[in-house]
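Visitor: The following file, upload.cif, comprises mmCIF, C-alpha atoms:
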```cif
data_structure
#
loop_
_atom_site.group_PDB
_atom_site.id
_atom_site.type_symbol
_atom_site.label_atom_id
_atom_site.label_comp_id
_atom_site.auth_asym_id
_atom_site.auth_seq_id
_atom_site.Cartn_x
_atom_site.Cartn_y
_atom_site.Cartn_z
ATOM 1 C CA MET A 201 -12.454 22.371 -22.132
ATOM 2 C CA SER A 202 -10.245 24.802 -24.075
ATOM 3 C CA ASP A 203 -6.882 26.040 -22.835
ATOM 4 C CA PHE A 204 -8.367 29.523 -22.586
ATOM 5 C CA LEU A 205 -11.183 28.368 -20.295
ATOM 6 C CA ASN A 206 -8.744 26.371 -18.163
ATOM 7 C CA GLU A 207 -6.607 29.486 -17.832
ATOM 8 C CA LEU A 208 -9.661 31.517 -16.783
ATOM 9 C CA ARG A 209 -10.438 29.066 -14.004
ATOM 10 C CA LEU A 210 -6.837 28.985 -12.804
ATOM 11 C CA LYS A 211 -6.494 32.775 -12.691
ATOM 12 C CA ALA A 212 -9.883 33.315 -11.039
ATOM 13 C CA SER A 213 -9.218 30.751 -8.299
ATOM 14 C CA GLY A 214 -5.950 32.501 -7.483
ATOM 15 C CA LEU A 215 -7.691 35.845 -6.988
ATOM 16 C CA SER A 216 -10.503 34.579 -4.725
ATOM 17 C CA ARG A 217 -12.706 37.562 -5.559
ATOM 18 C CA VAL A 218 -16.259 38.209 -4.392
ATOM 19 C CA VAL A 219 -19.041 38.228 -6.990
ATOM 20 C CA VAL A 220 -22.658 39.119 -6.254
ATOM 21 C CA LEU A 221 -25.470 37.378 -8.137
ATOM 22 C CA PRO A 222 -28.867 38.994 -7.485
ATOM 23 C CA GLU A 223 -31.048 36.367 -9.209
ATOM 24 C CA SER A 224 -31.140 33.697 -6.510
ATOM 25 C CA ASP A 225 -34.616 32.631 -7.674
ATOM 26 C CA ASP A 226 -33.165 31.254 -10.930
ATOM 27 C CA GLU A 227 -32.170 27.582 -10.845
ATOM 28 C CA ARG A 228 -29.374 28.141 -13.368
ATOM 29 C CA VAL A 229 -27.787 30.711 -11.070
ATOM 30 C CA LEU A 230 -27.880 28.315 -8.123
ATOM 31 C CA LEU A 231 -26.377 25.480 -10.161
ATOM 32 C CA ALA A 232 -23.626 27.808 -11.391
ATOM 33 C CA CYS A 233 -22.872 28.924 -7.835
ATOM 34 C CA ASP A 234 -22.650 25.292 -6.748
ATOM 35 C CA GLU A 235 -19.907 24.710 -9.345
ATOM 36 C CA LEU A 236 -18.075 27.955 -8.574
ATOM 37 C CA LEU A 237 -18.010 27.231 -4.840
ATOM 38 C CA LYS A 238 -17.226 23.522 -5.193
ATOM 39 C CA ASP A 239 -14.186 24.301 -7.347
ATOM 40 C CA LYS A 240 -13.234 27.284 -5.148
ATOM 41 C CA LEU A 241 -13.166 29.626 -8.145
ATOM 42 C CA CYS A 242 -14.477 32.687 -6.275
ATOM 43 C CA LYS A 243 -16.559 33.818 -3.319
ATOM 44 C CA ILE A 244 -20.301 34.299 -3.828
ATOM 45 C CA ILE A 245 -22.941 36.666 -2.473
ATOM 46 C CA LEU A 246 -26.526 35.664 -3.264
ATOM 47 C CA LEU A 247 -29.338 38.160 -2.752
ATOM 48 C CA GLY A 248 -32.616 37.039 -1.224
ATOM 49 C CA ASP A 249 -34.011 35.192 1.758
ATOM 50 C CA LYS A 250 -31.367 32.709 2.936
ATOM 51 C CA ASP A 251 -33.803 29.995 4.025
ATOM 52 C CA GLU A 252 -35.733 30.132 0.748
ATOM 53 C CA ILE A 253 -32.536 30.004 -1.316
ATOM 54 C CA LEU A 254 -31.123 27.064 0.642
ATOM 55 C CA MET A 255 -34.426 25.182 0.378
ATOM 56 C CA LYS A 256 -34.424 25.595 -3.391
ATOM 57 C CA ALA A 257 -30.731 24.704 -3.571
ATOM 58 C CA SER A 258 -31.345 21.517 -1.590
ATOM 59 C CA LYS A 259 -33.926 20.365 -4.128
ATOM 60 C CA LEU A 260 -31.277 20.874 -6.837
ATOM 61 C CA ASN A 261 -28.623 19.010 -4.793
ATOM 62 C CA CYS A 262 -26.580 22.225 -4.627
ATOM 63 C CA ASP A 263 -24.219 22.884 -1.737
ATOM 64 C CA LEU A 264 -24.248 26.638 -1.141
ATOM 65 C CA GLY A 265 -23.121 26.473 2.487
ATOM 66 C CA SER A 266 -20.057 28.637 1.876
ATOM 67 C CA ALA A 267 -21.972 31.404 0.081
ATOM 68 C CA ASN A 268 -22.887 34.682 1.744
ATOM 69 C CA PHE A 269 -26.591 35.611 1.741
ATOM 70 C CA ILE A 270 -28.038 39.117 1.978
ATOM 71 C CA ASN A 271 -31.718 39.969 1.855
ATOM 72 C CA PRO A 272 -31.982 43.356 0.066
ATOM 73 C CA ALA A 273 -35.194 44.122 1.976
ATOM 74 C CA ASN A 274 -33.708 43.613 5.462
ATOM 75 C CA ASN A 275 -30.002 43.918 6.203
ATOM 76 C CA GLU A 276 -27.335 45.934 8.026
ATOM 77 C CA TYR A 277 -26.364 47.958 4.926
ATOM 78 C CA LEU A 278 -29.754 49.452 4.044
ATOM 79 C CA GLU A 279 -29.434 52.842 5.717
ATOM 80 C CA ASP A 280 -25.908 53.477 4.467
ATOM 81 C CA PHE A 281 -26.757 52.294 0.952
ATOM 82 C CA SER A 282 -29.942 54.362 0.836
ATOM 83 C CA ASN A 283 -28.092 57.481 1.992
ATOM 84 C CA SER A 284 -25.407 56.935 -0.631
ATOM 85 C CA LEU A 285 -27.941 56.403 -3.400
ATOM 86 C CA TYR A 286 -29.791 59.552 -2.368
ATOM 87 C CA GLU A 287 -26.602 61.644 -2.361
ATOM 88 C CA LEU A 288 -25.570 60.263 -5.740
ATOM 89 C CA ARG A 289 -28.949 60.842 -7.397
ATOM 90 C CA LYS A 290 -30.612 63.757 -5.579
ATOM 91 C CA ASN A 291 -29.503 66.168 -8.308
ATOM 92 C CA LYS A 292 -31.534 64.012 -10.719
ATOM 93 C CA GLY A 293 -34.655 64.454 -8.620
ATOM 94 C CA LEU A 294 -34.475 61.304 -6.464
ATOM 95 C CA SER A 295 -36.041 61.847 -3.026
ATOM 96 C CA LYS A 296 -34.813 60.149 0.161
ATOM 97 C CA SER A 297 -38.007 58.109 0.417
ATOM 98 C CA GLN A 298 -37.564 56.959 -3.196
ATOM 99 C CA ALA A 299 -33.957 56.001 -2.446
ATOM 100 C CA ASP A 300 -35.132 54.005 0.581
ATOM 101 C CA GLU A 301 -37.378 51.903 -1.653
ATOM 102 C CA LEU A 302 -35.157 51.732 -4.734
ATOM 103 C CA ILE A 303 -32.154 50.360 -2.859
ATOM 104 C CA LYS A 304 -34.233 47.311 -1.905
ATOM 105 C CA ASP A 305 -34.371 46.377 -5.589
ATOM 106 C CA ARG A 306 -31.923 43.498 -5.948
ATOM 107 C CA THR A 307 -30.124 44.949 -8.963
ATOM 108 C CA TYR A 308 -29.636 48.341 -7.309
ATOM 109 C CA PHE A 309 -28.546 46.665 -4.082
ATOM 110 C CA GLY A 310 -26.098 44.353 -5.879
ATOM 111 C CA THR A 311 -24.642 47.254 -7.842
ATOM 112 C CA MET A 312 -24.173 49.224 -4.624
ATOM 113 C CA LEU A 313 -22.271 46.303 -3.100
ATOM 114 C CA VAL A 314 -19.815 46.627 -5.988
ATOM 115 C CA TYR A 315 -19.754 50.428 -5.778
ATOM 116 C CA LYS A 316 -18.911 50.228 -2.058
ATOM 117 C CA GLY A 317 -16.174 47.644 -2.606
ATOM 118 C CA LEU A 318 -17.989 44.871 -0.722
ATOM 119 C CA ALA A 319 -18.018 42.798 -3.929
ATOM 120 C CA HIS A 320 -15.606 42.914 -6.851
ATOM 121 C CA ALA A 321 -18.260 42.352 -9.526
ATOM 122 C CA MET A 322 -21.944 41.736 -10.194
ATOM 123 C CA VAL A 323 -23.359 39.293 -12.729
ATOM 124 C CA SER A 324 -27.070 39.560 -13.543
ATOM 125 C CA GLY A 325 -29.528 39.276 -16.418
ATOM 126 C CA ALA A 326 -30.593 35.605 -16.401
ATOM 127 C CA SER A 327 -34.164 36.713 -15.757
ATOM 128 C CA THR A 328 -33.976 40.479 -16.290
ATOM 129 C CA THR A 329 -33.312 42.716 -19.272
ATOM 130 C CA THR A 330 -29.981 44.274 -20.178
ATOM 131 C CA ALA A 331 -31.475 47.692 -19.427
ATOM 132 C CA GLN A 332 -32.396 46.592 -15.910
ATOM 133 C CA THR A 333 -28.887 45.250 -15.345
ATOM 134 C CA ILE A 334 -26.937 48.280 -16.504
ATOM 135 C CA ARG A 335 -29.260 51.126 -15.437
ATOM 136 C CA PRO A 336 -27.979 51.332 -11.826
ATOM 137 C CA ALA A 337 -24.382 51.043 -13.025
ATOM 138 C CA LEU A 338 -24.827 53.934 -15.448
ATOM 139 C CA GLN A 339 -26.463 55.989 -12.700
ATOM 140 C CA PHE A 340 -23.757 55.739 -10.050
ATOM 141 C CA VAL A 341 -20.882 53.393 -10.959
ATOM 142 C CA LYS A 342 -20.475 55.552 -14.078
ATOM 143 C CA MET A 343 -18.221 55.198 -17.096
ATOM 144 C CA LYS A 344 -14.441 55.401 -17.127
ATOM 145 C CA PRO A 345 -12.892 58.769 -18.030
ATOM 146 C CA GLY A 346 -12.859 59.340 -21.780
ATOM 147 C CA VAL A 347 -15.465 56.647 -22.512
ATOM 148 C CA SER A 348 -18.471 57.924 -24.454
ATOM 149 C CA SER A 349 -20.642 54.801 -24.254
ATOM 150 C CA VAL A 350 -20.820 51.375 -22.663
ATOM 151 C CA SER A 351 -20.454 48.453 -25.064
ATOM 152 C CA GLY A 352 -20.704 44.683 -24.842
ATOM 153 C CA SER A 353 -18.146 42.220 -26.171
ATOM 154 C CA PHE A 354 -18.160 38.439 -26.418
ATOM 155 C CA ILE A 355 -15.141 36.198 -26.082
ATOM 156 C CA MET A 356 -15.662 33.509 -28.718
ATOM 157 C CA CYS A 357 -13.800 30.308 -27.820
ATOM 158 C CA LEU A 358 -13.521 28.228 -30.983
ATOM 159 C CA LYS A 359 -11.808 24.875 -31.332
ATOM 160 C CA ASP A 360 -8.353 26.272 -32.089
ATOM 161 C CA LYS A 361 -8.587 30.022 -31.494
ATOM 162 C CA VAL A 362 -10.068 32.804 -29.387
ATOM 163 C CA TRP A 363 -11.777 35.811 -30.978
ATOM 164 C CA ILE A 364 -13.509 38.842 -29.483
ATOM 165 C CA PHE A 365 -16.638 40.353 -31.074
ATOM 166 C CA ALA A 366 -18.152 43.782 -30.290
ATOM 167 C CA ASP A 367 -20.549 45.488 -29.909
ATOM 168 C CA CYS A 368 -23.000 42.623 -29.536
ATOM 169 C CA ALA A 369 -25.180 43.868 -26.706
ATOM 170 C CA ILE A 370 -25.558 47.562 -25.986
ATOM 171 C CA CYS A 371 -25.218 50.293 -28.626
ATOM 172 C CA PRO A 372 -27.796 49.907 -31.452
ATOM 173 C CA LYS A 373 -26.461 52.529 -33.834
ATOM 174 C CA PRO A 374 -23.108 53.957 -32.715
ATOM 175 C CA SER A 375 -21.715 57.270 -33.911
ATOM 176 C CA VAL A 376 -18.230 57.482 -35.415
ATOM 177 C CA ASP A 377 -16.808 58.459 -32.022
ATOM 178 C CA GLU A 378 -18.706 55.688 -30.273
ATOM 179 C CA LEU A 379 -17.564 53.025 -32.753
ATOM 180 C CA ALA A 380 -13.963 54.198 -32.374
ATOM 181 C CA GLY A 381 -14.397 53.984 -28.602
ATOM 182 C CA ILE A 382 -15.835 50.480 -28.883
ATOM 183 C CA ALA A 383 -12.766 49.427 -30.876
ATOM 184 C CA LEU A 384 -10.399 50.829 -28.241
ATOM 185 C CA ALA A 385 -12.369 49.342 -25.335
ATOM 186 C CA THR A 386 -12.475 45.912 -26.988
ATOM 187 C CA ALA A 387 -8.736 46.027 -27.676
ATOM 188 C CA SER A 388 -8.256 46.748 -23.964
ATOM 189 C CA THR A 389 -10.493 43.791 -23.102
ATOM 190 C CA ALA A 390 -8.382 41.569 -25.356
ATOM 191 C CA ARG A 391 -5.177 42.648 -23.614
ATOM 192 C CA GLY A 392 -6.797 41.974 -20.246
ATOM 193 C CA PHE A 393 -7.232 38.339 -21.237
ATOM 194 C CA GLY A 394 -3.768 37.831 -22.663
ATOM 195 C CA LEU A 395 -4.485 38.509 -26.340
ATOM 196 C CA GLU A 396 -2.467 40.952 -28.423
ATOM 197 C CA PRO A 397 -5.266 42.732 -30.303
ATOM 198 C CA LYS A 398 -5.380 42.900 -34.081
ATOM 199 C CA VAL A 399 -8.572 44.841 -34.688
ATOM 200 C CA ALA A 400 -10.675 44.477 -37.846
ATOM 201 C CA MET A 401 -13.306 47.143 -38.463
ATOM 202 C CA LEU A 402 -15.893 45.130 -40.369
ATOM 203 C CA SER A 403 -18.014 46.244 -43.302
ATOM 204 C CA TYR A 404 -19.630 44.881 -46.470
ATOM 205 C CA ALA A 405 -16.614 46.147 -48.452
ATOM 206 C CA THR A 406 -12.857 45.786 -48.101
ATOM 207 C CA ALA A 407 -10.532 48.797 -48.391
ATOM 208 C CA ASN A 408 -11.647 50.821 -51.434
ATOM 209 C CA SER A 409 -13.590 48.071 -53.195
ATOM 210 C CA ALA A 410 -16.891 49.903 -52.769
ATOM 211 C CA GLN A 411 -18.230 53.305 -51.800
ATOM 212 C CA GLY A 412 -21.171 54.075 -49.578
ATOM 213 C CA GLU A 413 -22.297 55.754 -46.389
ATOM 214 C CA MET A 414 -21.701 52.708 -44.169
ATOM 215 C CA VAL A 415 -18.270 51.988 -45.668
ATOM 216 C CA ASP A 416 -17.228 55.604 -45.134
ATOM 217 C CA PHE A 417 -18.618 55.458 -41.593
ATOM 218 C CA VAL A 418 -16.486 52.425 -40.703
ATOM 219 C CA ARG A 419 -13.385 53.951 -42.328
ATOM 220 C CA GLU A 420 -13.844 57.189 -40.386
ATOM 221 C CA ALA A 421 -14.248 55.295 -37.096
ATOM 222 C CA MET A 422 -11.118 53.265 -37.832
ATOM 223 C CA LEU A 423 -9.079 56.420 -38.514
ATOM 224 C CA LYS A 424 -10.434 57.998 -35.329
ATOM 225 C CA ALA A 425 -9.428 54.961 -33.250
ATOM 226 C CA ARG A 426 -6.004 54.876 -34.885
ATOM 227 C CA ALA A 427 -5.486 58.560 -34.071
ATOM 228 C CA LEU A 428 -6.445 57.971 -30.442
ATOM 229 C CA ASP A 429 -4.051 55.012 -30.087
ATOM 230 C CA SER A 430 -1.241 55.019 -32.633
ATOM 231 C CA THR A 431 0.215 51.807 -31.154
ATOM 232 C CA LEU A 432 -2.897 49.742 -31.890
ATOM 233 C CA SER A 433 -2.947 47.306 -34.818
ATOM 234 C CA ILE A 434 -6.251 48.272 -36.415
ATOM 235 C CA ASP A 435 -7.487 48.380 -40.003
ATOM 236 C CA GLY A 436 -10.629 48.604 -42.055
ATOM 237 C CA PRO A 437 -13.074 48.672 -43.517
ATOM 238 C CA MET A 438 -12.837 44.993 -44.363
ATOM 239 C CA GLN A 439 -15.106 42.034 -44.953
ATOM 240 C CA PHE A 440 -14.952 39.116 -42.584
ATOM 241 C CA ASP A 441 -13.187 36.817 -45.031
ATOM 242 C CA ALA A 442 -10.434 39.372 -45.588
ATOM 243 C CA SER A 443 -10.005 39.729 -41.837
ATOM 244 C CA VAL A 444 -9.301 36.038 -41.153
ATOM 245 C CA ASP A 445 -8.163 34.403 -44.410
ATOM 246 C CA GLU A 446 -4.567 35.248 -45.360
ATOM 247 C CA LYS A 447 -5.058 34.318 -49.016
ATOM 248 C CA VAL A 448 -8.040 36.622 -49.349
ATOM 249 C CA ALA A 449 -6.201 39.302 -47.395
ATOM 250 C CA LYS A 450 -3.248 39.218 -49.814
ATOM 251 C CA LEU A 451 -5.620 39.867 -52.698
ATOM 252 C CA LYS A 452 -7.781 42.537 -51.065
ATOM 253 C CA MET A 453 -5.522 44.270 -48.499
ATOM 254 C CA PRO A 454 -1.929 43.174 -49.201
ATOM 255 C CA ASP A 455 -0.352 45.956 -47.121
ATOM 256 C CA SER A 456 -2.488 45.493 -44.006
ATOM 257 C CA CYS A 457 -0.957 44.339 -40.722
ATOM 258 C CA VAL A 458 -4.386 43.130 -39.572
ATOM 259 C CA ALA A 459 -6.079 41.544 -42.606
ATOM 260 C CA GLY A 460 -5.872 37.761 -42.486
ATOM 261 C CA ARG A 461 -4.723 37.814 -38.848
ATOM 262 C CA ALA A 462 -7.480 39.619 -36.937
ATOM 263 C CA ASN A 463 -8.603 38.422 -33.509
ATOM 264 C CA VAL A 464 -10.797 41.394 -32.498
ATOM 265 C CA PHE A 465 -13.821 42.145 -34.693
ATOM 266 C CA ILE A 466 -15.773 45.401 -34.485
ATOM 267 C CA PHE A 467 -19.188 45.347 -36.148
ATOM 268 C CA PRO A 468 -20.742 48.521 -37.567
ATOM 269 C CA ASP A 469 -23.871 48.230 -35.430
ATOM 270 C CA LEU A 470 -25.623 46.084 -32.849
ATOM 271 C CA ASN A 471 -27.754 44.342 -35.471
ATOM 272 C CA ALA A 472 -24.691 42.879 -37.200
ATOM 273 C CA GLY A 473 -22.783 42.110 -33.999
ATOM 274 C CA ASN A 474 -25.571 40.300 -32.183
ATOM 275 C CA ILE A 475 -26.602 38.251 -35.225
ATOM 276 C CA CYS A 476 -23.026 37.227 -35.975
ATOM 277 C CA TYR A 477 -22.032 36.134 -32.473
ATOM 278 C CA LYS A 478 -25.119 33.935 -32.193
ATOM 279 C CA ALA A 479 -24.561 32.495 -35.684
ATOM 280 C CA VAL A 480 -20.945 31.604 -34.928
ATOM 281 C CA GLN A 481 -21.872 30.225 -31.512
ATOM 282 C CA ARG A 482 -24.572 27.927 -32.872
ATOM 283 C CA ALA A 483 -22.956 26.943 -36.171
ATOM 284 C CA SER A 484 -19.515 26.107 -34.798
ATOM 285 C CA ASN A 485 -20.366 25.059 -31.217
ATOM 286 C CA ALA A 486 -18.197 27.917 -29.983
ATOM 287 C CA VAL A 487 -18.320 28.922 -26.332
ATOM 288 C CA ALA A 488 -19.506 32.542 -26.229
ATOM 289 C CA ILE A 489 -18.578 34.305 -22.982
ATOM 290 C CA GLY A 490 -20.414 37.535 -22.319
ATOM 291 C CA PRO A 491 -21.634 40.064 -22.891
ATOM 292 C CA ILE A 492 -18.659 41.612 -21.112
ATOM 293 C CA LEU A 493 -19.685 45.189 -20.396
ATOM 294 C CA GLN A 494 -16.894 47.573 -21.363
ATOM 295 C CA GLY A 495 -16.350 51.133 -20.220
ATOM 296 C CA LEU A 496 -17.733 51.012 -16.656
ATOM 297 C CA ASN A 497 -15.605 51.901 -13.644
ATOM 298 C CA LYS A 498 -16.295 48.524 -12.039
ATOM 299 C CA PRO A 499 -17.184 45.051 -13.379
ATOM 300 C CA ILE A 500 -20.949 44.800 -13.900
ATOM 301 C CA ASN A 501 -21.802 42.086 -16.411
ATOM 302 C CA ASP A 502 -24.971 41.034 -18.156
ATOM 303 C CA LEU A 503 -26.324 37.584 -19.004
ATOM 304 C CA SER A 504 -28.571 36.527 -21.834
ATOM 305 C CA ARG A 505 -31.965 35.356 -20.607
ATOM 306 C CA GLY A 506 -31.266 32.220 -22.635
ATOM 307 C CA CYS A 507 -27.992 31.576 -20.799
ATOM 308 C CA SER A 508 -26.869 28.143 -19.677
ATOM 309 C CA VAL A 509 -25.248 27.222 -16.372
ATOM 310 C CA GLU A 510 -21.923 27.125 -18.230
ATOM 311 C CA ASP A 511 -22.540 30.653 -19.546
ATOM 312 C CA ILE A 512 -23.088 31.952 -16.013
ATOM 313 C CA VAL A 513 -19.959 30.243 -14.689
ATOM 314 C CA ASN A 514 -17.834 31.641 -17.507
ATOM 315 C CA THR A 515 -19.215 35.159 -17.123
ATOM 316 C CA VAL A 516 -18.477 35.084 -13.395
ATOM 317 C CA LEU A 517 -14.905 33.942 -14.127
ATOM 318 C CA VAL A 518 -14.408 36.763 -16.635
ATOM 319 C CA SER A 519 -15.822 39.226 -14.085
ATOM 320 C CA CYS A 520 -13.271 38.063 -11.517
ATOM 321 C CA LEU A 521 -10.462 38.972 -13.905
ATOM 322 C CA GLN A 522 -11.787 42.375 -14.919
ATOM 323 C CA GLU A 523 -10.402 45.503 -13.259
#
```
Spell out the structure here as structure tokens.

Guide:
Amino acid sequence: MSDFLNELRLKASGLSRVVVLPESDDERVLLACDELLKDKLCKIILLGDKDEILMKASKLNCDLGSANFINPANNEYLEDFSNSLYELRKNKGLSKSQADELIKDRTYFGTMLVYKGLAHAMVSGASTTTAQTIRPALQFVKMKPGVSSVSGSFIMCLKDKVWIFADCAICPKPSVDELAGIALATASTARGFGLEPKVAMLSYATANSAQGEMVDFVREAMLKARALDSTLSIDGPMQFDASVDEKVAKLKMPDSCVAGRANVFIFPDLNAGNICYKAVQRASNAVAIGPILQGLNKPINDLSRGCSVEDIVNTVLVSCLQE
């Protein structure tokens, strides 16, 4: 296990935060909760029928005795949660009867637990889509002031380094303002995990080596981000080799404070970001933690439907550390 992952576990255990996991019907989630509880890394709320969950856990040799269980369809919070959802969404046309039913949905219920402060974070998506995971959060947890779009980053734990990639999960074709915002949000994520961000705005060209709409787009987003945070070490456009290889950087961008030393990588669109994180993960056996959803007022994090037990554990740990 890398030093970074060890540090995650140590910090999370010291905080003893509560994380809700709605997908109690997924074996991977139960196995992850068994590890999290056994190692006392956080407190867990599982959504669903307690007896059914414990029966399934027993077959997996999981000890979930110290978890908290809430059935979204029948619990002490339903009336309060339904009233809150109605008040938050009535101007969008939601009726009280619709709120009464919608709050029984496990993702809406889990998100409301976070909204109300009864859980610090929610981690979901092992068996649901990203849209299903983030829809309730966008509806009433909302985005932080000044944030124009939610984005998803991955912490890439390689053998001897830690990188952060974004956006790899949410925004298919960002605008200039959105890409600049993604850069700033990802730099903030890096700082939150003890990294001093050096942000590379990636493109198929480095500096002025080529002209084109996409190169100009990345350059404009970089300048926008730099104007919004003059203290941030950010540069681009640059190719990936120029961002990480000092020899290449000296040839292509000799005056850059980022080229050759980048640790935060902003891709021009979701296509590039998602392909690259999976390629690096599989080709180098890197541990990819995420997607970490950036820009929301509270920690709501998504899982890939292909996630492993280790992926779930790591995402929960990251969620514990997010503010």

Visitor: In Å, with one decimal, what is the gap from atom CA of A:Ile245 to atom CA of A:Ala321?

Guide: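 Rounded to one decimal, the two atoms are 10.2 Å apart.
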
Visitor: Atom CA of A:Ser519 and atom CA of A:Ile489 are how many Å apart?

Guide: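 That distance, rounded to one decimal, is 10.5 Å.
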
Visitor: One decimal, in Å: what's the spacing between atom CA of A:Gly490 and atom CA of A:Ser504?

Guide: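 Between atom CA of A:Gly490 and atom CA of A:Ser504 the gap works out to 8.2 Å.
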
Visitor: The PyMOL selection byres ((chain A and resi 350-365) around 8) - which residues does that actually catch in the file I just gave you? List them as a ChimeraX atom specification.

Guide: /A:202,204,343,347-349,366-371,382,386,390,463-467,473,477,481,484-496

Visitor: Report as an NGL selection string all protein, DNA and RNA residues lying within 7 Å of stretch 256-268 of chain A, evaluated on only C-alpha atoms, omitting residues in the same chain fewer than 6 positions from it.

Guide: :A and (230-231 or 234 or 243-246)

Visitor: Starting from the shown file, work through the PyMOL selection byres ((chain A and resi 324) around 9) and note down what comes out as a PDB file with C-alpha atoms, in the frame of the given file.

Guide:
```pdb
ATOM      1  CA  VAL A 220     -22.658  39.119  -6.254  1.00  0.00           C
ATOM      2  CA  LEU A 221     -25.470  37.378  -8.137  1.00  0.00           C
ATOM      3  CA  PRO A 222     -28.867  38.994  -7.485  1.00  0.00           C
ATOM      4  CA  GLU A 223     -31.048  36.367  -9.209  1.00  0.00           C
ATOM      5  CA  THR A 307     -30.124  44.949  -8.963  1.00  0.00           C
ATOM      6  CA  MET A 322     -21.944  41.736 -10.194  1.00  0.00           C
ATOM      7  CA  VAL A 323     -23.359  39.293 -12.729  1.00  0.00           C
ATOM      8  CA  GLY A 325     -29.528  39.276 -16.418  1.00  0.00           C
ATOM      9  CA  ALA A 326     -30.593  35.605 -16.401  1.00  0.00           C
ATOM     10  CA  SER A 327     -34.164  36.713 -15.757  1.00  0.00           C
ATOM     11  CA  THR A 328     -33.976  40.479 -16.290  1.00  0.00           C
ATOM     12  CA  THR A 330     -29.981  44.274 -20.178  1.00  0.00           C
ATOM     13  CA  THR A 333     -28.887  45.250 -15.345  1.00  0.00           C
ATOM     14  CA  ILE A 500     -20.949  44.800 -13.900  1.00  0.00           C
ATOM     15  CA  ASN A 501     -21.802  42.086 -16.411  1.00  0.00           C
ATOM     16  CA  ASP A 502     -24.971  41.034 -18.156  1.00  0.00           C
ATOM     17  CA  LEU A 503     -26.324  37.584 -19.004  1.00  0.00           C
ATOM     18  CA  SER A 504     -28.571  36.527 -21.834  1.00  0.00           C
ATOM     19  CA  ILE A 512     -23.088  31.952 -16.013  1.00  0.00           C
TER      20      ILE A 512
END
```

Visitor: Which protein, DNA or RNA residues are at most 9 Å from (-33.4, 54.8, 0.9) in the file's coordinates when you count only C-alpha atoms, listed as a list of chain:residue names?

Guide: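 Collected hits near the coordinates: A:Leu278, A:Glu279, A:Asp280, A:Phe281, A:Ser282, A:Asn283, A:Ser284, A:Leu285, A:Tyr286, A:Ser295, A:Lys296, A:Ser297, A:Gln298, A:Ala299, A:Asp300, A:Glu301, A:Leu302, A:Ile303, A:Lys304.
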
Visitor: Take the residues just selected and output them with C-alpha atoms as an mmCIF file, in the coordinates of the input.

Guide:
```cif
data_model
loop_
_atom_site.group_PDB
_atom_site.id
_atom_site.type_symbol
_atom_site.label_atom_id
_atom_site.label_comp_id
_atom_site.auth_asym_id
_atom_site.auth_seq_id
_atom_site.Cartn_x
_atom_site.Cartn_y
_atom_site.Cartn_z
ATOM 1 C CA LEU A 278 -29.754 49.452 4.044
ATOM 2 C CA GLU A 279 -29.434 52.842 5.717
ATOM 3 C CA ASP A 280 -25.908 53.477 4.467
ATOM 4 C CA PHE A 281 -26.757 52.294 0.952
ATOM 5 C CA SER A 282 -29.942 54.362 0.836
ATOM 6 C CA ASN A 283 -28.092 57.481 1.992
ATOM 7 C CA SER A 284 -25.407 56.935 -0.631
ATOM 8 C CA LEU A 285 -27.941 56.403 -3.400
ATOM 9 C CA TYR A 286 -29.791 59.552 -2.368
ATOM 10 C CA SER A 295 -36.041 61.847 -3.026
ATOM 11 C CA LYS A 296 -34.813 60.149 0.161
ATOM 12 C CA SER A 297 -38.007 58.109 0.417
ATOM 13 C CA GLN A 298 -37.564 56.959 -3.196
ATOM 14 C CA ALA A 299 -33.957 56.001 -2.446
ATOM 15 C CA ASP A 300 -35.132 54.005 0.581
ATOM 16 C CA GLU A 301 -37.378 51.903 -1.653
ATOM 17 C CA LEU A 302 -35.157 51.732 -4.734
ATOM 18 C CA ILE A 303 -32.154 50.360 -2.859
ATOM 19 C CA LYS A 304 -34.233 47.311 -1.905
#
```

Visitor: May I ask which of the residues A:Leu428, A:Ala407, A:Leu236, A:Val448 is the closest one to A:Gly381, counting all atoms listed in the file?

Guide: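 Of A:Leu428, A:Ala407, A:Leu236, A:Val448, the one nearest A:Gly381 is A:Leu428, counting all atoms listed in the file.
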
Visitor: Using all atoms listed in the file, can you tell me which of A:Lys292, A:Arg426, A:Lys238, A:Arg217 comes closest to A:His320?

Guide: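 Of all the options, A:Arg217 lies closest to A:His320.
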
Visitor: For A:Arg505, which of A:Asp226, A:Ser433, A:Gln339, A:Ser375 is the closest residue, counting all atoms listed in the file?

Guide: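 Of A:Asp226, A:Ser433, A:Gln339, A:Ser375, the one nearest A:Arg505 is A:Asp226, counting all atoms listed in the file.
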
Visitor: Identify which of the residues A:Arg289, A:Thr515, A:Ala462, A:Ser430 lies closest to A:Asp445, counting all atoms listed in the file when measuring atom-to-atom distances.

Guide: A:Ala462

Visitor: Have a look at A:Val219, A:Ala385, A:Met401, A:Leu294 and name the one nearest to A:Leu318; count only C-alpha atoms.

Guide: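 When distances to A:Leu318 are compared using only C-alpha atoms, the smallest one comes from A:Val219.
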
Visitor: Restricting the calculation to all atoms listed in the file: of A:Ala427, A:Leu379, A:Ala232, A:Leu384, which residue gets closest to A:Ser508?

Guide: A:Ala232

Visitor: Need the shell around stretch 434-443 of chain A: protein/DNA/RNA residues with any atom at most 8 Å away, counting all atoms listed in the file. Skip same-chain ones fewer than 4 positions apart. Format as JSON, numbers by chain?

Guide: {"A": [398, 399, 400, 401, 402, 403, 404, 405, 406, 407, 415, 418, 419, 422, 426, 448, 449, 452, 453, 456, 457, 458, 459, 460, 461, 462]}

Visitor: Stretch 507-520 of chain A, all listed atoms, 6 Å padding on each side: what axis-aligned box centre and edge lengths in Å to one decimal come out, as JSON?

Guide:
```
{"center_x": -20.6, "center_y": 33.2, "center_z": -16.2, "size_x": 26.7, "size_y": 24.1, "size_z": 21.3}
```
